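Below: one structure, written as structure tokens.
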2 protein chains.
Amino acid sequence: MPDTHTLDSLLAANERFYRTFEALDYPAMARCWEQSERLFCVHPGWAPLRGRRPVLESWARIIENTETIHFDLSGAEATLSGDVGIVTVFEVISSKVGQERHSSGVVATNLFGWDEKAGLWKLFHHHASHCVVPEDSEAGPLLV
Amino acid sequence: MPDTHTLDSLLAANERFYRTFEALDYPAMARCWEQSERLFCVHPGWAPLRGRRPVLESWARIIENTETIHFDLSGAEATLSGDVGIVTVFEVISSKVGQERHSSGVVATNLFGWDEKAGLWKLFHHHASHCVVPEDSEAGPLLV
């Protein structure tokens with residue numbers, strides 16, 4: 001089903017990105033990202049990756065090496081500016097990589113481009129970094 | 001002198017933001033930021049700040065408590081998407097806060113809005129997080 005050029009649809013696309021990651025479905029993850037060279041991705045604690053191939057290769061590697069991962073999202077805020085959708089969100093990540101279990105708080109800037117022809121929001125920029133997730137951000141998505 | 005709606009001008013606005021910070025000039029820093037409530041700012045290692053007042057108050061506090069600060073910028077990449085200018089850049093920050101000297105590597109996502117009336121790029125989103133700055137990024141700005 002196509003997206004719409006609205007805040008609700010943008011937030012749904014953002015949610016879909018995290019649920020796709022949880023499903024550890026690489027082909028679906030590749031489809032979340034825009035077909036362009038402006039792709040930019042900072043995984044928490046990593047150096048930034050630029051360009052479609054480095055970004056998608058990182059996802060292939062992460063998905064291959066992750067046993068389970070779960071995201072508790074909170075405090076999502078979304079704004080539209082022309083064909084760019086800007087989402088900021090807190091993530092509490094619980095994962096199992098090999099035999100190690102991890103849990104960490106992250107803040108992410110996610111930028112989506114509106115693909116008018118396909119009727120889809122496609123991710124082109126993900127900047128995630130560690131932070132303390134505020135307790136009062138758990139009330140759910142806020143739109144501004 | 002007004003900016004123009006071009007990549008060069010966007011990169012110059014990005015550079016101006018850092019030089020204003022170096023000058024520890026709070027009124028000029030406040031003028032770098034958009035007059036809107038979509039302001040978002042993650043200082044490295046801080047929790048994110050949302051809204052004009054919390055963001056500007058953080059700058060007032062930082063500028064008040066900083067004796068000297070210097071930015072070595074590298075690997076800047078800029079893209080335009082309608083009225084949004086997207087810049088990613090590496091910062092090597094050298095600062096003196098009280099008697100302590102700090103040096104750290106950071107990657108930043110800076111989003112600027114194009115103010116057609118004023119003919120200016122105004123910052124509305126700054127997400128900075130610690131990272132290892134690659135040595136080969138020192139060759140200077142790259143445009144994509």
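Chain labels A, B, ... are given in the sequence in which chains occur in the structure tokens; within each chain residues are numbered consecutively from 1, and ligands are likewise numbered from 1 in the order shown.
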
Check your understanding: What residues in chain B lie within 10 Å of chain A, counting only C-alpha atoms, written as a PyMOL selection string?
Key -> chain B and resi 37-38+40+42+44-48+50-51+77-79+81-84+86+88-90+106-109+111+113+125-134+144

Chain B in the frame of chain A after full C-alpha superposition, as a short mmCIF file (atom, residue, chain, number, x, y, z; two decimals) with N, CA and C atoms, in the first residue's frame:
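Once written, part_4.cif looks like this:
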data_model
loop_
_atom_site.label_atom_id
_atom_site.label_comp_id
_atom_site.auth_asym_id
_atom_site.auth_seq_id
_atom_site.Cartn_x
_atom_site.Cartn_y
_atom_site.Cartn_z
N MET B 1 0.81 -1.18 0.03
CA MET B 1 -0.04 0.02 0.02
C MET B 1 0.85 1.27 0.01
N PRO B 2 0.61 2.22 -0.89
CA PRO B 2 1.49 3.38 -0.94
C PRO B 2 1.34 4.27 0.28
N ASP B 3 2.40 5.04 0.57
CA ASP B 3 2.35 6.04 1.63
C ASP B 3 1.62 7.28 1.11
N THR B 4 1.42 8.22 2.00
CA THR B 4 0.91 9.54 1.59
C THR B 4 1.88 10.60 2.08
N HIS B 5 1.76 11.79 1.50
CA HIS B 5 2.69 12.87 1.84
C HIS B 5 2.17 13.61 3.07
N THR B 6 2.10 12.88 4.18
CA THR B 6 1.56 13.45 5.42
C THR B 6 2.45 13.05 6.60
N LEU B 7 2.26 13.75 7.72
CA LEU B 7 3.04 13.44 8.92
C LEU B 7 2.76 12.03 9.43
N ASP B 8 1.48 11.63 9.42
CA ASP B 8 1.15 10.28 9.90
C ASP B 8 1.85 9.21 9.09
N SER B 9 1.86 9.39 7.78
CA SER B 9 2.47 8.41 6.89
C SER B 9 3.99 8.41 7.08
N LEU B 10 4.56 9.58 7.30
CA LEU B 10 5.99 9.71 7.55
C LEU B 10 6.37 8.96 8.83
N LEU B 11 5.58 9.16 9.88
CA LEU B 11 5.84 8.45 11.14
C LEU B 11 5.67 6.94 10.97
N ALA B 12 4.72 6.55 10.13
CA ALA B 12 4.54 5.11 9.87
C ALA B 12 5.74 4.54 9.12
N ALA B 13 6.31 5.31 8.19
CA ALA B 13 7.50 4.86 7.46
C ALA B 13 8.68 4.73 8.42
N ASN B 14 8.75 5.65 9.37
CA ASN B 14 9.83 5.58 10.38
C ASN B 14 9.68 4.31 11.23
N GLU B 15 8.46 4.06 11.66
CA GLU B 15 8.16 2.84 12.43
C GLU B 15 8.50 1.59 11.62
N ARG B 16 8.16 1.59 10.34
CA ARG B 16 8.42 0.45 9.45
C ARG B 16 9.91 0.14 9.35
N PHE B 17 10.72 1.20 9.30
CA PHE B 17 12.18 1.03 9.25
C PHE B 17 12.65 0.19 10.45
N TYR B 18 12.16 0.54 11.65
CA TYR B 18 12.60 -0.19 12.85
C TYR B 18 12.03 -1.60 12.89
N ARG B 19 10.80 -1.78 12.46
CA ARG B 19 10.20 -3.13 12.47
C ARG B 19 10.89 -4.03 11.44
N THR B 20 11.33 -3.43 10.33
CA THR B 20 12.09 -4.18 9.32
C THR B 20 13.43 -4.63 9.90
N PHE B 21 14.06 -3.75 10.67
CA PHE B 21 15.32 -4.11 11.32
C PHE B 21 15.07 -5.26 12.30
N GLU B 22 14.01 -5.16 13.09
CA GLU B 22 13.68 -6.23 14.03
C GLU B 22 13.47 -7.57 13.32
N ALA B 23 12.87 -7.50 12.12
CA ALA B 23 12.60 -8.73 11.36
C ALA B 23 13.88 -9.31 10.75
N LEU B 24 14.98 -8.54 10.83
CA LEU B 24 16.29 -8.97 10.28
C LEU B 24 16.13 -9.42 8.83
N ASP B 25 15.38 -8.62 8.09
CA ASP B 25 15.04 -8.91 6.69
C ASP B 25 15.84 -7.94 5.81
N TYR B 26 16.99 -8.41 5.31
CA TYR B 26 17.85 -7.51 4.55
C TYR B 26 17.19 -6.98 3.27
N PRO B 27 16.55 -7.81 2.44
CA PRO B 27 15.94 -7.24 1.23
C PRO B 27 14.91 -6.15 1.54
N ALA B 28 14.13 -6.36 2.60
CA ALA B 28 13.15 -5.33 2.99
C ALA B 28 13.87 -4.08 3.49
N MET B 29 14.98 -4.27 4.23
CA MET B 29 15.75 -3.11 4.70
C MET B 29 16.32 -2.33 3.53
N ALA B 30 16.83 -3.04 2.52
CA ALA B 30 17.37 -2.34 1.34
C ALA B 30 16.26 -1.52 0.66
N ARG B 31 15.02 -2.05 0.68
CA ARG B 31 13.91 -1.32 0.06
C ARG B 31 13.49 -0.09 0.87
N CYS B 32 13.82 -0.06 2.16
CA CYS B 32 13.51 1.13 2.98
C CYS B 32 14.33 2.34 2.54
N TRP B 33 15.51 2.07 1.94
CA TRP B 33 16.44 3.15 1.61
C TRP B 33 16.26 3.63 0.18
N GLU B 34 16.51 4.91 -0.01
CA GLU B 34 16.39 5.56 -1.31
C GLU B 34 17.43 4.99 -2.29
N GLN B 35 17.06 4.96 -3.57
CA GLN B 35 17.99 4.59 -4.64
C GLN B 35 18.79 5.83 -5.03
N SER B 36 19.76 6.22 -4.23
CA SER B 36 20.55 7.40 -4.58
C SER B 36 21.89 7.33 -3.88
N GLU B 37 22.77 8.23 -4.25
CA GLU B 37 24.10 8.26 -3.63
C GLU B 37 24.17 9.20 -2.43
N ARG B 38 23.04 9.85 -2.10
CA ARG B 38 23.12 10.76 -0.94
C ARG B 38 22.93 10.01 0.37
N LEU B 39 22.87 8.69 0.32
CA LEU B 39 22.65 7.94 1.57
C LEU B 39 23.77 8.21 2.56
N PHE B 40 23.36 8.36 3.81
CA PHE B 40 24.29 8.67 4.92
C PHE B 40 23.79 7.90 6.13
N CYS B 41 24.71 7.24 6.83
CA CYS B 41 24.27 6.44 7.97
C CYS B 41 25.33 6.42 9.06
N VAL B 42 24.93 6.84 10.25
CA VAL B 42 25.77 6.67 11.44
C VAL B 42 25.07 5.68 12.36
N HIS B 43 25.61 4.45 12.44
CA HIS B 43 25.17 3.52 13.46
C HIS B 43 25.78 3.99 14.79
N PRO B 44 25.09 3.78 15.92
CA PRO B 44 25.61 4.31 17.19
C PRO B 44 27.06 3.88 17.43
N GLY B 45 27.94 4.86 17.59
CA GLY B 45 29.34 4.58 17.89
C GLY B 45 30.21 4.28 16.68
N TRP B 46 29.60 4.16 15.50
CA TRP B 46 30.36 3.90 14.27
C TRP B 46 30.79 5.22 13.63
N ALA B 47 31.80 5.13 12.76
CA ALA B 47 32.10 6.26 11.87
C ALA B 47 30.99 6.33 10.83
N PRO B 48 30.71 7.51 10.29
CA PRO B 48 29.63 7.63 9.32
C PRO B 48 29.94 6.92 8.00
N LEU B 49 28.90 6.42 7.38
CA LEU B 49 29.00 5.78 6.06
C LEU B 49 28.27 6.67 5.06
N ARG B 50 28.86 6.86 3.90
CA ARG B 50 28.28 7.71 2.86
C ARG B 50 28.20 6.93 1.55
N GLY B 51 27.07 7.06 0.86
CA GLY B 51 26.89 6.39 -0.44
C GLY B 51 26.08 5.11 -0.26
N ARG B 52 25.38 4.72 -1.32
CA ARG B 52 24.44 3.60 -1.22
C ARG B 52 25.12 2.28 -0.86
N ARG B 53 26.23 1.98 -1.52
CA ARG B 53 26.85 0.69 -1.30
C ARG B 53 27.40 0.52 0.13
N PRO B 54 28.20 1.46 0.63
CA PRO B 54 28.69 1.30 2.02
C PRO B 54 27.55 1.21 3.04
N VAL B 55 26.51 1.99 2.82
CA VAL B 55 25.39 1.98 3.78
C VAL B 55 24.69 0.61 3.74
N LEU B 56 24.36 0.13 2.54
CA LEU B 56 23.63 -1.15 2.46
C LEU B 56 24.51 -2.32 2.90
N GLU B 57 25.80 -2.27 2.60
CA GLU B 57 26.70 -3.33 3.07
C GLU B 57 26.73 -3.39 4.60
N SER B 58 26.68 -2.22 5.23
CA SER B 58 26.69 -2.22 6.70
C SER B 58 25.44 -2.91 7.24
N TRP B 59 24.29 -2.68 6.57
CA TRP B 59 23.05 -3.32 7.02
C TRP B 59 23.10 -4.83 6.82
N ALA B 60 23.67 -5.26 5.68
CA ALA B 60 23.80 -6.69 5.42
C ALA B 60 24.63 -7.33 6.53
N ARG B 61 25.73 -6.66 6.89
CA ARG B 61 26.65 -7.20 7.91
C ARG B 61 25.99 -7.23 9.28
N ILE B 62 25.31 -6.15 9.62
CA ILE B 62 24.66 -6.06 10.94
C ILE B 62 23.57 -7.14 11.05
N ILE B 63 22.75 -7.24 10.01
CA ILE B 63 21.64 -8.20 10.04
C ILE B 63 22.17 -9.63 10.12
N GLU B 64 23.27 -9.89 9.40
CA GLU B 64 23.88 -11.23 9.40
C GLU B 64 24.40 -11.60 10.79
N ASN B 65 24.89 -10.59 11.52
CA ASN B 65 25.55 -10.86 12.80
C ASN B 65 24.65 -10.65 14.02
N THR B 66 23.40 -10.34 13.79
CA THR B 66 22.49 -10.09 14.90
C THR B 66 21.53 -11.27 15.05
N GLU B 67 21.41 -11.76 16.28
CA GLU B 67 20.52 -12.89 16.51
C GLU B 67 19.10 -12.39 16.75
N THR B 68 18.98 -11.42 17.68
CA THR B 68 17.68 -10.79 17.91
C THR B 68 17.91 -9.31 18.22
N ILE B 69 16.95 -8.49 17.85
CA ILE B 69 17.03 -7.06 18.20
C ILE B 69 15.61 -6.53 18.38
N HIS B 70 15.46 -5.67 19.38
CA HIS B 70 14.15 -5.07 19.63
C HIS B 70 14.30 -3.58 19.93
N PHE B 71 13.39 -2.79 19.38
CA PHE B 71 13.40 -1.34 19.60
C PHE B 71 12.17 -0.90 20.37
N ASP B 72 12.39 -0.22 21.49
CA ASP B 72 11.31 0.54 22.11
C ASP B 72 11.49 1.98 21.67
N LEU B 73 10.54 2.47 20.88
CA LEU B 73 10.62 3.83 20.37
C LEU B 73 9.79 4.77 21.23
N SER B 74 10.26 5.99 21.38
CA SER B 74 9.48 6.97 22.14
C SER B 74 9.82 8.38 21.67
N GLY B 75 8.92 9.30 21.99
CA GLY B 75 9.15 10.72 21.73
C GLY B 75 9.37 11.08 20.27
N ALA B 76 8.80 10.31 19.35
CA ALA B 76 8.99 10.63 17.93
C ALA B 76 8.37 11.98 17.60
N GLU B 77 9.12 12.81 16.87
CA GLU B 77 8.59 14.08 16.37
C GLU B 77 8.89 14.14 14.88
N ALA B 78 7.90 14.60 14.12
CA ALA B 78 8.05 14.62 12.66
C ALA B 78 7.70 15.99 12.12
N THR B 79 8.46 16.42 11.12
CA THR B 79 8.12 17.65 10.38
C THR B 79 8.30 17.37 8.89
N LEU B 80 7.54 18.10 8.09
CA LEU B 80 7.67 18.02 6.64
C LEU B 80 8.24 19.33 6.13
N SER B 81 9.13 19.23 5.16
CA SER B 81 9.63 20.43 4.50
C SER B 81 9.78 20.08 3.03
N GLY B 82 8.75 20.39 2.25
CA GLY B 82 8.74 19.99 0.85
C GLY B 82 8.77 18.48 0.76
N ASP B 83 9.74 17.97 0.00
CA ASP B 83 9.83 16.52 -0.20
C ASP B 83 10.72 15.84 0.82
N VAL B 84 11.10 16.56 1.87
CA VAL B 84 11.91 15.96 2.93
C VAL B 84 11.06 15.78 4.18
N GLY B 85 11.11 14.59 4.74
CA GLY B 85 10.45 14.31 6.01
C GLY B 85 11.51 14.11 7.06
N ILE B 86 11.39 14.84 8.15
CA ILE B 86 12.40 14.82 9.21
C ILE B 86 11.78 14.19 10.44
N VAL B 87 12.39 13.12 10.94
CA VAL B 87 11.89 12.47 12.15
C VAL B 87 13.02 12.39 13.16
N THR B 88 12.73 12.77 14.40
CA THR B 88 13.67 12.51 15.49
C THR B 88 12.96 11.60 16.48
N VAL B 89 13.71 10.67 17.05
CA VAL B 89 13.09 9.64 17.88
C VAL B 89 14.11 9.06 18.86
N PHE B 90 13.61 8.67 20.02
CA PHE B 90 14.45 7.92 20.95
C PHE B 90 14.25 6.43 20.71
N GLU B 91 15.37 5.69 20.79
CA GLU B 91 15.32 4.23 20.66
C GLU B 91 15.93 3.63 21.92
N VAL B 92 15.25 2.68 22.53
CA VAL B 92 15.93 1.82 23.51
C VAL B 92 16.11 0.47 22.81
N ILE B 93 17.38 0.13 22.55
CA ILE B 93 17.71 -1.04 21.75
C ILE B 93 18.09 -2.19 22.66
N SER B 94 17.43 -3.33 22.49
CA SER B 94 17.82 -4.57 23.19
C SER B 94 18.22 -5.56 22.11
N SER B 95 19.45 -6.05 22.17
CA SER B 95 19.91 -6.94 21.10
C SER B 95 20.76 -8.07 21.64
N LYS B 96 20.90 -9.10 20.83
CA LYS B 96 21.78 -10.21 21.13
C LYS B 96 22.67 -10.40 19.91
N VAL B 97 23.97 -10.13 20.10
CA VAL B 97 24.95 -10.27 19.03
C VAL B 97 25.90 -11.37 19.49
N GLY B 98 25.91 -12.51 18.77
CA GLY B 98 26.66 -13.68 19.25
C GLY B 98 26.06 -14.07 20.60
N GLN B 99 26.89 -14.23 21.62
CA GLN B 99 26.39 -14.61 22.95
C GLN B 99 26.16 -13.40 23.84
N GLU B 100 26.44 -12.19 23.32
CA GLU B 100 26.34 -11.00 24.16
C GLU B 100 25.00 -10.30 24.02
N ARG B 101 24.44 -9.94 25.19
CA ARG B 101 23.21 -9.15 25.19
C ARG B 101 23.57 -7.68 25.44
N HIS B 102 22.94 -6.78 24.68
CA HIS B 102 23.19 -5.35 24.82
C HIS B 102 21.87 -4.61 25.02
N SER B 103 21.94 -3.52 25.76
CA SER B 103 20.80 -2.61 25.84
C SER B 103 21.34 -1.19 25.87
N SER B 104 20.81 -0.33 25.03
CA SER B 104 21.34 1.04 25.02
C SER B 104 20.31 2.04 24.56
N GLY B 105 20.50 3.27 25.00
CA GLY B 105 19.63 4.37 24.62
C GLY B 105 20.26 5.18 23.51
N VAL B 106 19.45 5.57 22.57
CA VAL B 106 19.94 6.24 21.36
C VAL B 106 18.96 7.35 20.97
N VAL B 107 19.51 8.43 20.39
CA VAL B 107 18.65 9.42 19.72
C VAL B 107 19.00 9.37 18.24
N ALA B 108 17.97 9.40 17.40
CA ALA B 108 18.20 9.31 15.96
C ALA B 108 17.56 10.47 15.21
N THR B 109 18.29 10.95 14.21
CA THR B 109 17.75 11.84 13.18
C THR B 109 17.56 11.00 11.94
N ASN B 110 16.33 10.86 11.48
CA ASN B 110 16.03 10.10 10.26
C ASN B 110 15.42 11.03 9.22
N LEU B 111 16.05 11.09 8.06
CA LEU B 111 15.52 11.92 6.97
C LEU B 111 14.99 11.02 5.86
N PHE B 112 13.77 11.30 5.46
CA PHE B 112 13.11 10.54 4.40
C PHE B 112 12.84 11.45 3.20
N GLY B 113 13.01 10.89 2.01
CA GLY B 113 12.66 11.61 0.79
C GLY B 113 11.32 11.09 0.27
N TRP B 114 10.50 12.01 -0.21
CA TRP B 114 9.20 11.62 -0.73
C TRP B 114 9.35 11.23 -2.20
N ASP B 115 9.08 9.97 -2.52
CA ASP B 115 9.13 9.48 -3.90
C ASP B 115 7.71 9.55 -4.46
N GLU B 116 7.46 10.62 -5.19
CA GLU B 116 6.10 10.92 -5.70
C GLU B 116 5.60 9.79 -6.62
N LYS B 117 6.51 9.29 -7.46
CA LYS B 117 6.12 8.28 -8.45
C LYS B 117 5.68 6.98 -7.77
N ALA B 118 6.49 6.53 -6.80
CA ALA B 118 6.17 5.27 -6.11
C ALA B 118 5.17 5.49 -4.98
N GLY B 119 4.99 6.75 -4.57
CA GLY B 119 4.12 7.02 -3.43
C GLY B 119 4.68 6.43 -2.16
N LEU B 120 5.99 6.65 -1.96
CA LEU B 120 6.65 6.06 -0.79
C LEU B 120 7.64 7.04 -0.15
N TRP B 121 7.73 6.95 1.16
CA TRP B 121 8.82 7.61 1.89
C TRP B 121 10.02 6.67 1.89
N LYS B 122 11.17 7.18 1.46
CA LYS B 122 12.39 6.38 1.44
C LYS B 122 13.44 7.06 2.32
N LEU B 123 14.06 6.27 3.17
CA LEU B 123 15.09 6.79 4.07
C LEU B 123 16.35 7.15 3.28
N PHE B 124 16.95 8.30 3.57
CA PHE B 124 18.26 8.58 2.94
C PHE B 124 19.31 9.02 3.95
N HIS B 125 18.90 9.23 5.20
CA HIS B 125 19.87 9.73 6.20
C HIS B 125 19.45 9.22 7.57
N HIS B 126 20.36 8.50 8.23
CA HIS B 126 20.10 7.97 9.58
C HIS B 126 21.32 8.30 10.42
N HIS B 127 21.13 9.15 11.41
CA HIS B 127 22.24 9.53 12.31
C HIS B 127 21.79 9.15 13.72
N ALA B 128 22.38 8.08 14.25
CA ALA B 128 21.99 7.57 15.57
C ALA B 128 23.17 7.69 16.51
N SER B 129 22.92 8.19 17.72
CA SER B 129 24.01 8.32 18.69
C SER B 129 23.49 8.06 20.09
N HIS B 130 24.39 7.54 20.91
CA HIS B 130 24.01 7.17 22.27
C HIS B 130 23.57 8.39 23.08
N CYS B 131 22.56 8.22 23.89
CA CYS B 131 22.15 9.27 24.81
C CYS B 131 21.31 8.65 25.91
N VAL B 132 21.08 9.41 26.95
CA VAL B 132 20.16 8.98 27.99
C VAL B 132 18.75 9.27 27.49
N VAL B 133 17.91 8.24 27.42
CA VAL B 133 16.54 8.42 26.95
C VAL B 133 15.68 8.93 28.11
N PRO B 134 15.09 10.12 27.96
CA PRO B 134 14.30 10.67 29.07
C PRO B 134 13.07 9.81 29.38
N GLU B 135 12.77 9.68 30.65
CA GLU B 135 11.62 8.84 31.05
C GLU B 135 10.30 9.40 30.57
N ASP B 136 10.23 10.75 30.51
CA ASP B 136 8.95 11.35 30.16
C ASP B 136 8.70 11.33 28.65
N SER B 137 9.58 10.69 27.89
CA SER B 137 9.36 10.62 26.44
C SER B 137 8.55 9.39 26.06
N GLU B 138 8.11 8.64 27.05
CA GLU B 138 7.45 7.37 26.74
C GLU B 138 5.97 7.48 26.41
N ALA B 139 5.48 8.69 26.43
CA ALA B 139 4.05 8.87 26.21
C ALA B 139 3.62 8.61 24.77
N GLY B 140 4.59 8.48 23.87
CA GLY B 140 4.23 8.16 22.48
C GLY B 140 4.56 9.29 21.54
N PRO B 141 4.20 9.10 20.27
CA PRO B 141 4.59 10.06 19.26
C PRO B 141 3.98 11.45 19.49
N LEU B 142 4.79 12.46 19.27
CA LEU B 142 4.32 13.82 19.32
C LEU B 142 4.51 14.41 17.94
N LEU B 143 3.53 15.09 17.44
CA LEU B 143 3.68 15.75 16.14
C LEU B 143 3.86 17.24 16.36
N VAL B 144 4.77 17.84 15.61
CA VAL B 144 4.89 19.31 15.66
C VAL B 144 4.64 19.90 14.28
#

Review point. Using the chain letters and numbers from this document, which residues of segment 95-130 of chain A does DSSP assign to strand (DSSP E), as a ChimeraX atom specification?
Key: /A:95-97,100-115,120-130

Go ahead and save the residues from that selection, with N, CA and C atoms, as a PDB file, in the first residue's frame.
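Result went into again.pdb, see below:
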ATOM      1  N   SER A  95      19.478  -6.040  22.178  1.00  0.00           N
ATOM      2  CA  SER A  95      19.929  -6.929  21.103  1.00  0.00           C
ATOM      3  C   SER A  95      20.770  -8.073  21.640  1.00  0.00           C
ATOM      4  N   LYS A  96      20.904  -9.094  20.817  1.00  0.00           N
ATOM      5  CA  LYS A  96      21.786 -10.212  21.120  1.00  0.00           C
ATOM      6  C   LYS A  96      22.684 -10.399  19.906  1.00  0.00           C
ATOM      7  N   VAL A  97      23.980 -10.143  20.107  1.00  0.00           N
ATOM      8  CA  VAL A  97      24.959 -10.279  19.026  1.00  0.00           C
ATOM      9  C   VAL A  97      25.916 -11.367  19.481  1.00  0.00           C
ATOM     10  N   GLU A 100      26.465 -12.185  23.305  1.00  0.00           N
ATOM     11  CA  GLU A 100      26.358 -10.989  24.139  1.00  0.00           C
ATOM     12  C   GLU A 100      25.013 -10.284  24.020  1.00  0.00           C
ATOM     13  N   ARG A 101      24.460  -9.938  25.174  1.00  0.00           N
ATOM     14  CA  ARG A 101      23.228  -9.143  25.173  1.00  0.00           C
ATOM     15  C   ARG A 101      23.574  -7.682  25.439  1.00  0.00           C
ATOM     16  N   HIS A 102      22.954  -6.788  24.679  1.00  0.00           N
ATOM     17  CA  HIS A 102      23.198  -5.350  24.825  1.00  0.00           C
ATOM     18  C   HIS A 102      21.874  -4.620  25.024  1.00  0.00           C
ATOM     19  N   SER A 103      21.932  -3.527  25.766  1.00  0.00           N
ATOM     20  CA  SER A 103      20.794  -2.623  25.841  1.00  0.00           C
ATOM     21  C   SER A 103      21.335  -1.200  25.868  1.00  0.00           C
ATOM     22  N   SER A 104      20.809  -0.329  25.041  1.00  0.00           N
ATOM     23  CA  SER A 104      21.337   1.035  25.034  1.00  0.00           C
ATOM     24  C   SER A 104      20.301   2.044  24.566  1.00  0.00           C
ATOM     25  N   GLY A 105      20.491   3.274  25.006  1.00  0.00           N
ATOM     26  CA  GLY A 105      19.619   4.373  24.615  1.00  0.00           C
ATOM     27  C   GLY A 105      20.253   5.185  23.508  1.00  0.00           C
ATOM     28  N   VAL A 106      19.425   5.570  22.566  1.00  0.00           N
ATOM     29  CA  VAL A 106      19.928   6.234  21.358  1.00  0.00           C
ATOM     30  C   VAL A 106      18.953   7.347  20.961  1.00  0.00           C
ATOM     31  N   VAL A 107      19.492   8.424  20.402  1.00  0.00           N
ATOM     32  CA  VAL A 107      18.641   9.408  19.728  1.00  0.00           C
ATOM     33  C   VAL A 107      18.983   9.375  18.244  1.00  0.00           C
ATOM     34  N   ALA A 108      17.971   9.397  17.406  1.00  0.00           N
ATOM     35  CA  ALA A 108      18.194   9.305  15.959  1.00  0.00           C
ATOM     36  C   ALA A 108      17.557  10.460  15.214  1.00  0.00           C
ATOM     37  N   THR A 109      18.284  10.949  14.222  1.00  0.00           N
ATOM     38  CA  THR A 109      17.748  11.837  13.190  1.00  0.00           C
ATOM     39  C   THR A 109      17.550  10.992  11.943  1.00  0.00           C
ATOM     40  N   ASN A 110      16.319  10.859  11.490  1.00  0.00           N
ATOM     41  CA  ASN A 110      16.023  10.100  10.272  1.00  0.00           C
ATOM     42  C   ASN A 110      15.414  11.029   9.234  1.00  0.00           C
ATOM     43  N   LEU A 111      16.042  11.085   8.058  1.00  0.00           N
ATOM     44  CA  LEU A 111      15.517  11.920   6.971  1.00  0.00           C
ATOM     45  C   LEU A 111      14.986  11.017   5.865  1.00  0.00           C
ATOM     46  N   PHE A 112      13.770  11.307   5.439  1.00  0.00           N
ATOM     47  CA  PHE A 112      13.117  10.535   4.387  1.00  0.00           C
ATOM     48  C   PHE A 112      12.852  11.444   3.191  1.00  0.00           C
ATOM     49  N   GLY A 113      13.012  10.885   2.006  1.00  0.00           N
ATOM     50  CA  GLY A 113      12.664  11.606   0.783  1.00  0.00           C
ATOM     51  C   GLY A 113      11.334  11.086   0.266  1.00  0.00           C
ATOM     52  N   TRP A 114      10.492  11.991  -0.195  1.00  0.00           N
ATOM     53  CA  TRP A 114       9.195  11.597  -0.733  1.00  0.00           C
ATOM     54  C   TRP A 114       9.350  11.220  -2.201  1.00  0.00           C
ATOM     55  N   ASP A 115       9.076   9.957  -2.520  1.00  0.00           N
ATOM     56  CA  ASP A 115       9.130   9.464  -3.897  1.00  0.00           C
ATOM     57  C   ASP A 115       7.714   9.549  -4.463  1.00  0.00           C
ATOM     58  N   LEU A 120       5.984   6.642  -1.957  1.00  0.00           N
ATOM     59  CA  LEU A 120       6.650   6.046  -0.790  1.00  0.00           C
ATOM     60  C   LEU A 120       7.630   7.025  -0.155  1.00  0.00           C
ATOM     61  N   TRP A 121       7.739   6.945   1.171  1.00  0.00           N
ATOM     62  CA  TRP A 121       8.823   7.600   1.890  1.00  0.00           C
ATOM     63  C   TRP A 121      10.028   6.670   1.891  1.00  0.00           C
ATOM     64  N   LYS A 122      11.179   7.171   1.452  1.00  0.00           N
ATOM     65  CA  LYS A 122      12.401   6.364   1.449  1.00  0.00           C
ATOM     66  C   LYS A 122      13.451   7.045   2.313  1.00  0.00           C
ATOM     67  N   LEU A 123      14.063   6.266   3.166  1.00  0.00           N
ATOM     68  CA  LEU A 123      15.093   6.786   4.069  1.00  0.00           C
ATOM     69  C   LEU A 123      16.360   7.145   3.279  1.00  0.00           C
ATOM     70  N   PHE A 124      16.958   8.298   3.571  1.00  0.00           N
ATOM     71  CA  PHE A 124      18.256   8.581   2.952  1.00  0.00           C
ATOM     72  C   PHE A 124      19.311   9.018   3.956  1.00  0.00           C
ATOM     73  N   HIS A 125      18.901   9.223   5.211  1.00  0.00           N
ATOM     74  CA  HIS A 125      19.863   9.731   6.203  1.00  0.00           C
ATOM     75  C   HIS A 125      19.457   9.207   7.578  1.00  0.00           C
ATOM     76  N   HIS A 126      20.358   8.504   8.226  1.00  0.00           N
ATOM     77  CA  HIS A 126      20.103   7.970   9.577  1.00  0.00           C
ATOM     78  C   HIS A 126      21.328   8.297  10.424  1.00  0.00           C
ATOM     79  N   HIS A 127      21.120   9.157  11.426  1.00  0.00           N
ATOM     80  CA  HIS A 127      22.229   9.529  12.323  1.00  0.00           C
ATOM     81  C   HIS A 127      21.784   9.136  13.729  1.00  0.00           C
ATOM     82  N   ALA A 128      22.370   8.079  14.249  1.00  0.00           N
ATOM     83  CA  ALA A 128      21.990   7.563  15.565  1.00  0.00           C
ATOM     84  C   ALA A 128      23.180   7.677  16.507  1.00  0.00           C
ATOM     85  N   SER A 129      22.924   8.187  17.724  1.00  0.00           N
ATOM     86  CA  SER A 129      24.014   8.306  18.688  1.00  0.00           C
ATOM     87  C   SER A 129      23.489   8.039  20.096  1.00  0.00           C
ATOM     88  N   HIS A 130      24.402   7.540  20.931  1.00  0.00           N
ATOM     89  CA  HIS A 130      24.008   7.172  22.288  1.00  0.00           C
ATOM     90  C   HIS A 130      23.575   8.386  23.088  1.00  0.00           C
TER      91      HIS A 130
END

Exercise for review: Mind listing the helix (DSSP H, G or I) residues of chain A, per DSSP on the backbone, as JSON, numbers by chain?
Suggested key: {"A": [7, 8, 9, 10, 11, 12, 13, 14, 15, 16, 17, 18, 19, 20, 21, 22, 26, 27, 28, 29, 30, 31, 32, 52, 53, 54, 55, 56, 57, 58, 59, 60, 61, 62, 63, 64, 65, 135, 136, 137, 138, 139]}
